[in-house]
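Here is the structure we will look at.
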Amino acid sequence: MKPRIIAIAGPTASGKTDLSIHIADKLNTEIISFDSRQFYHELNIGVARPSENQLAAVPHHFIANRSIHDPYSAASFTEEARIKIDAILGKHEYVVLCGGTGLYLKALLEGFSKLPQIKIGVREEVESIWEKNGLPGLITLIESLDPTALSMVESQNPARMKRAAELLLSAENMTLQDIYTPKMEKIKHPYQIFNLIPEREWIYQRVESRADAMMKSGLLEEVRSLLPWKNLPVLKTVGYSELFDYLDEKTSLEEAVNKIKQHTRNYAKRQITWFKNQTDGIIIKPDHAAKDLINLI
């Protein structure tokens, strides 16, 4: 059975947006984003949100559709995105998914698991480790509980690291993969995942140049406008945390930009590992990706 859902996944800065627009245009359909950082309308430059011209090229869904004050879970996304997919496939032969948040894609296609209830005292234990030792302390804890878990979590995002630690401590002798094993039905439509995986040096160069371009486009001003809400979990992410530190005079601007580049490279590396190991996607390369993808479909 041929796929009706075409999922284009891959690391940050790999060219997914342009590729998905090209494919959606060729297939005369619409795009659903599964990039969890692009859900929020307050975040633009730092999350590489598609431009107005790109958004106008084909219909997009789940981009800038809610506020940072209204966090969006993978479970809520799964429920709403499945309804939207049904609606799109009611009028088009295909629908295109695009993004880099692997857990949201997995939940959408394979079903969402019922997560364990956090035990009494666990949240306090994790918070104490965070306050005393920061991210290194959380990394050490998570690695001791499940060495494979870090490939599934954005390790520069304290909120997600704390959540992973809480789940592992509460589930007892389960890996994070076990915890997230779907317990909800798979999506009813046939699908195929295509992983856009560039060579590492290529993606690292893109990350460097894109960070510089973001700064020139006004990333610092965007982050400055969000300063009153810097402690919101959704803002503890790459591109924002580093510049909050600069605005708090904890580091220089040059150091902050260098950290953005370093943390984005680390994030891209983890995304590549996750998509290779956690999906049965077909790997495609940026060169001739559009032609190859159309031929495969």
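For the structure tokens, the naming scheme is as follows: chains receive sequential letters (A, B, ...) according to their order of presentation, residues are indexed from 1 within each chain, and ligands are indexed from 1 in presentation order.
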Note to self: Residues near A:Val153, anyone? I mean within 12 Å using only C-alpha atoms, not counting same-chain ones fewer than 3 positions away, as number ranges by chain.
What the structure shows: A: 101-104, 138-139, 142-143, 146-150, 156-165, 176-177, 237, 266-271, 273-274
Check: Within 7 Å of A:Ala256, counting only C-alpha atoms, which residues qualify if same-chain residues fewer than 3 places away don't, as a list in words?
Finding: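 So the residues in contact are Glu242, Leu243, Tyr246, Thr251, Ser252, Leu253, Lys259 and Ile260 of chain A.
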Note to self: To test your reading of the structure, identify every residue in stretch 35-226 of chain A that backbone DSSP assigns to alpha helix (DSSP H), and report it as a PyMOL selection string.
What the structure shows: chain A and resi 52-57+74-89+102-110+122-145+158-171+176-179+200-216+219-225
Checklist line | Distance query A:Phe194 at most 7 Å, only C-alpha atoms, self and fewer than 4 positions along chain excluded, as a list in words | finding: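 Neighbouring residues, sequence-local ones excluded: Ala7, Ile8, Ala9, Gly281, Ile282, Ile283 and Ile284 of chain A.
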Write out as a Markdown table a residue-level contact list of stretch 216-253 of chain A versus stretch 64-68 of chain A with cut-off 10 Å: for each qualifying residue the closest pair of atoms and the distance in Å to one decimal, counting only C-alpha atoms, rows sorted by chain and residue number upward.
```
| residue | atom | partner | partner_atom | distance |
| --- | --- | --- | --- | --- |
| A:Leu226 | CA | A:Ile68 | CA | 10.0 |
| A:Trp229 | CA | A:Ile68 | CA | 8.9 |
| A:Leu232 | CA | A:Ile68 | CA | 7.8 |
| A:Pro233 | CA | A:Ile68 | CA | 9.0 |
| A:Val234 | CA | A:Ile68 | CA | 6.6 |
| A:Leu235 | CA | A:Ile68 | CA | 8.0 |
```
Item checked: Interatomic distance (Å, one decimal) between atom CA of A:Thr29 and atom CA of A:Ser76 ->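 Those two atoms sit 23.4 Å apart.
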Margin query: Please determine, counting only C-alpha atoms, which residue among A:Phe275, A:Asp86, A:Pro11, A:Glu201 has the shortest atom-to-atom distance to A:Lys106.
Written below: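 Smallest separation from A:Lys106 among the options: A:Phe275.
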Note to self: Set the distance at 12 Å and use only C-alpha atoms: which residues neighbour A:Arg4 once local chain neighbours fewer than 3 positions away are removed? I'd like the list as a PyMOL selection string.
What the structure shows: chain A and resi 1+7+27+29+85-86+88-97+187-193+297
Restrict the selected residues to C-alpha atoms and save them as a PDB file, in the first residue's frame.
```pdb
ATOM      1  CA  MET A   1       0.000   0.000   0.000  1.00  0.00           C
ATOM      2  CA  ALA A   7       7.169  12.586   6.739  1.00  0.00           C
ATOM      3  CA  LEU A  27       1.900  16.730  -4.607  1.00  0.00           C
ATOM      4  CA  THR A  29      -1.111  19.216  -0.673  1.00  0.00           C
ATOM      5  CA  ILE A  85      -4.428  14.874   8.786  1.00  0.00           C
ATOM      6  CA  ASP A  86      -7.853  13.257   8.329  1.00  0.00           C
ATOM      7  CA  ILE A  88      -6.355  17.068   4.568  1.00  0.00           C
ATOM      8  CA  LEU A  89      -6.516  13.493   3.279  1.00  0.00           C
ATOM      9  CA  GLY A  90     -10.225  13.988   2.742  1.00  0.00           C
ATOM     10  CA  LYS A  91      -9.410  16.401  -0.078  1.00  0.00           C
ATOM     11  CA  HIS A  92      -5.821  15.511  -1.143  1.00  0.00           C
ATOM     12  CA  GLU A  93      -4.054  12.268  -1.985  1.00  0.00           C
ATOM     13  CA  TYR A  94      -1.096  13.028   0.294  1.00  0.00           C
ATOM     14  CA  VAL A  95      -0.130  15.109   3.317  1.00  0.00           C
ATOM     15  CA  VAL A  96       3.448  16.173   4.134  1.00  0.00           C
ATOM     16  CA  LEU A  97       4.845  16.226   7.681  1.00  0.00           C
ATOM     17  CA  ILE A 187      -2.292   6.206  12.849  1.00  0.00           C
ATOM     18  CA  LYS A 188      -4.716   4.566  10.411  1.00  0.00           C
ATOM     19  CA  HIS A 189      -3.142   5.974   7.236  1.00  0.00           C
ATOM     20  CA  PRO A 190      -0.079   4.376   5.595  1.00  0.00           C
ATOM     21  CA  TYR A 191       3.040   6.500   5.957  1.00  0.00           C
ATOM     22  CA  GLN A 192       6.694   6.658   5.011  1.00  0.00           C
ATOM     23  CA  ILE A 193       9.411   8.570   6.850  1.00  0.00           C
ATOM     24  CA  ILE A 297       7.129   8.367  -3.581  1.00  0.00           C
TER      25      ILE A 297
END
```
Checklist line | Members of stretch 144-251 of chain A assigned strand (DSSP E) by DSSP, as a list of chain:residue names | finding: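 Going through stretch 144-251 of chain A, the strand (DSSP E) residues come out as A:Tyr191, A:Gln192, A:Ile193, A:Phe194, A:Asn195, A:Leu196.
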Same residues, N, CA and C atoms, saved as a PDB file, in the first residue's frame:
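Dumped to part-v3.pdb:
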```pdb
ATOM      1  N   TYR A 191       2.085   5.394   5.977  1.00  0.00           N
ATOM      2  CA  TYR A 191       3.040   6.500   5.957  1.00  0.00           C
ATOM      3  C   TYR A 191       4.441   5.997   5.618  1.00  0.00           C
ATOM      4  N   GLN A 192       5.272   6.937   5.225  1.00  0.00           N
ATOM      5  CA  GLN A 192       6.694   6.658   5.011  1.00  0.00           C
ATOM      6  C   GLN A 192       7.495   7.840   5.541  1.00  0.00           C
ATOM      7  N   ILE A 193       8.520   7.537   6.321  1.00  0.00           N
ATOM      8  CA  ILE A 193       9.411   8.570   6.850  1.00  0.00           C
ATOM      9  C   ILE A 193      10.653   8.644   5.976  1.00  0.00           C
ATOM     10  N   PHE A 194      11.034   9.853   5.625  1.00  0.00           N
ATOM     11  CA  PHE A 194      12.275  10.099   4.893  1.00  0.00           C
ATOM     12  C   PHE A 194      13.177  10.957   5.777  1.00  0.00           C
ATOM     13  N   ASN A 195      14.329  10.430   6.136  1.00  0.00           N
ATOM     14  CA  ASN A 195      15.271  11.137   7.003  1.00  0.00           C
ATOM     15  C   ASN A 195      16.301  11.879   6.160  1.00  0.00           C
ATOM     16  N   LEU A 196      16.252  13.202   6.216  1.00  0.00           N
ATOM     17  CA  LEU A 196      17.206  14.030   5.479  1.00  0.00           C
ATOM     18  C   LEU A 196      18.472  14.138   6.335  1.00  0.00           C
TER      19      LEU A 196
END
```
Check: Can you tell me, as a ChimeraX atom specification, what residues are no more than 9 Å from A:Ser14 when counting only C-alpha atoms, ignoring any on the same chain fewer than 5 positions away?
Finding: /A:196-198,202-203,206-207,268,286
Output the selection as a PDB file, in the first residue's frame - N, CA and C atoms for each residue.
```
ATOM      1  N   LEU A 196      16.252  13.202   6.216  1.00  0.00           N
ATOM      2  CA  LEU A 196      17.206  14.030   5.479  1.00  0.00           C
ATOM      3  C   LEU A 196      18.472  14.138   6.335  1.00  0.00           C
ATOM      4  N   ILE A 197      19.467  13.348   6.028  1.00  0.00           N
ATOM      5  CA  ILE A 197      20.684  13.251   6.853  1.00  0.00           C
ATOM      6  C   ILE A 197      21.899  13.712   6.048  1.00  0.00           C
ATOM      7  N   PRO A 198      22.375  14.931   6.267  1.00  0.00           N
ATOM      8  CA  PRO A 198      23.567  15.414   5.560  1.00  0.00           C
ATOM      9  C   PRO A 198      24.839  14.848   6.188  1.00  0.00           C
ATOM     10  N   TRP A 202      29.029  19.131   6.675  1.00  0.00           N
ATOM     11  CA  TRP A 202      28.096  19.989   5.931  1.00  0.00           C
ATOM     12  C   TRP A 202      27.104  20.642   6.883  1.00  0.00           C
ATOM     13  N   ILE A 203      26.521  19.835   7.778  1.00  0.00           N
ATOM     14  CA  ILE A 203      25.521  20.378   8.689  1.00  0.00           C
ATOM     15  C   ILE A 203      26.161  21.336   9.683  1.00  0.00           C
ATOM     16  N   ARG A 206      26.541  24.660   8.081  1.00  0.00           N
ATOM     17  CA  ARG A 206      25.225  25.310   7.989  1.00  0.00           C
ATOM     18  C   ARG A 206      24.816  25.904   9.334  1.00  0.00           C
ATOM     19  N   VAL A 207      25.084  25.170  10.404  1.00  0.00           N
ATOM     20  CA  VAL A 207      24.755  25.650  11.743  1.00  0.00           C
ATOM     21  C   VAL A 207      25.511  26.940  12.043  1.00  0.00           C
ATOM     22  N   ALA A 268      22.051  18.862  16.739  1.00  0.00           N
ATOM     23  CA  ALA A 268      21.942  18.239  15.416  1.00  0.00           C
ATOM     24  C   ALA A 268      22.493  16.820  15.439  1.00  0.00           C
ATOM     25  N   PRO A 286      21.010  15.735   1.037  1.00  0.00           N
ATOM     26  CA  PRO A 286      20.559  17.025   0.492  1.00  0.00           C
ATOM     27  C   PRO A 286      20.730  17.171  -1.016  1.00  0.00           C
TER      28      PRO A 286
END
```
Item checked: Polymer residues at most 10 Å from A:Lys291, only C-alpha atoms, same-chain spacing of 5 or more positions, as a ChimeraX atom specification -> /A:19,22-23,296
Next item on the list: Kindly give the distance, in Å, that separates atom CA of A:Asn295 and atom CA of A:Glu110, rounded to a single decimal.
Entry: 25.3 Å
Item checked: Computed interatomic separation between atom CA of A:Lys84 and atom CA of A:Val238 (Å) -> 29.1 Å
Check: Which of these residues is nearest to A:Gly100, using only C-alpha atoms: A:Glu222, A:Asp35, A:Glu80, A:Asp212?
Finding: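 So, comparing all the options, the nearest one is A:Asp35.
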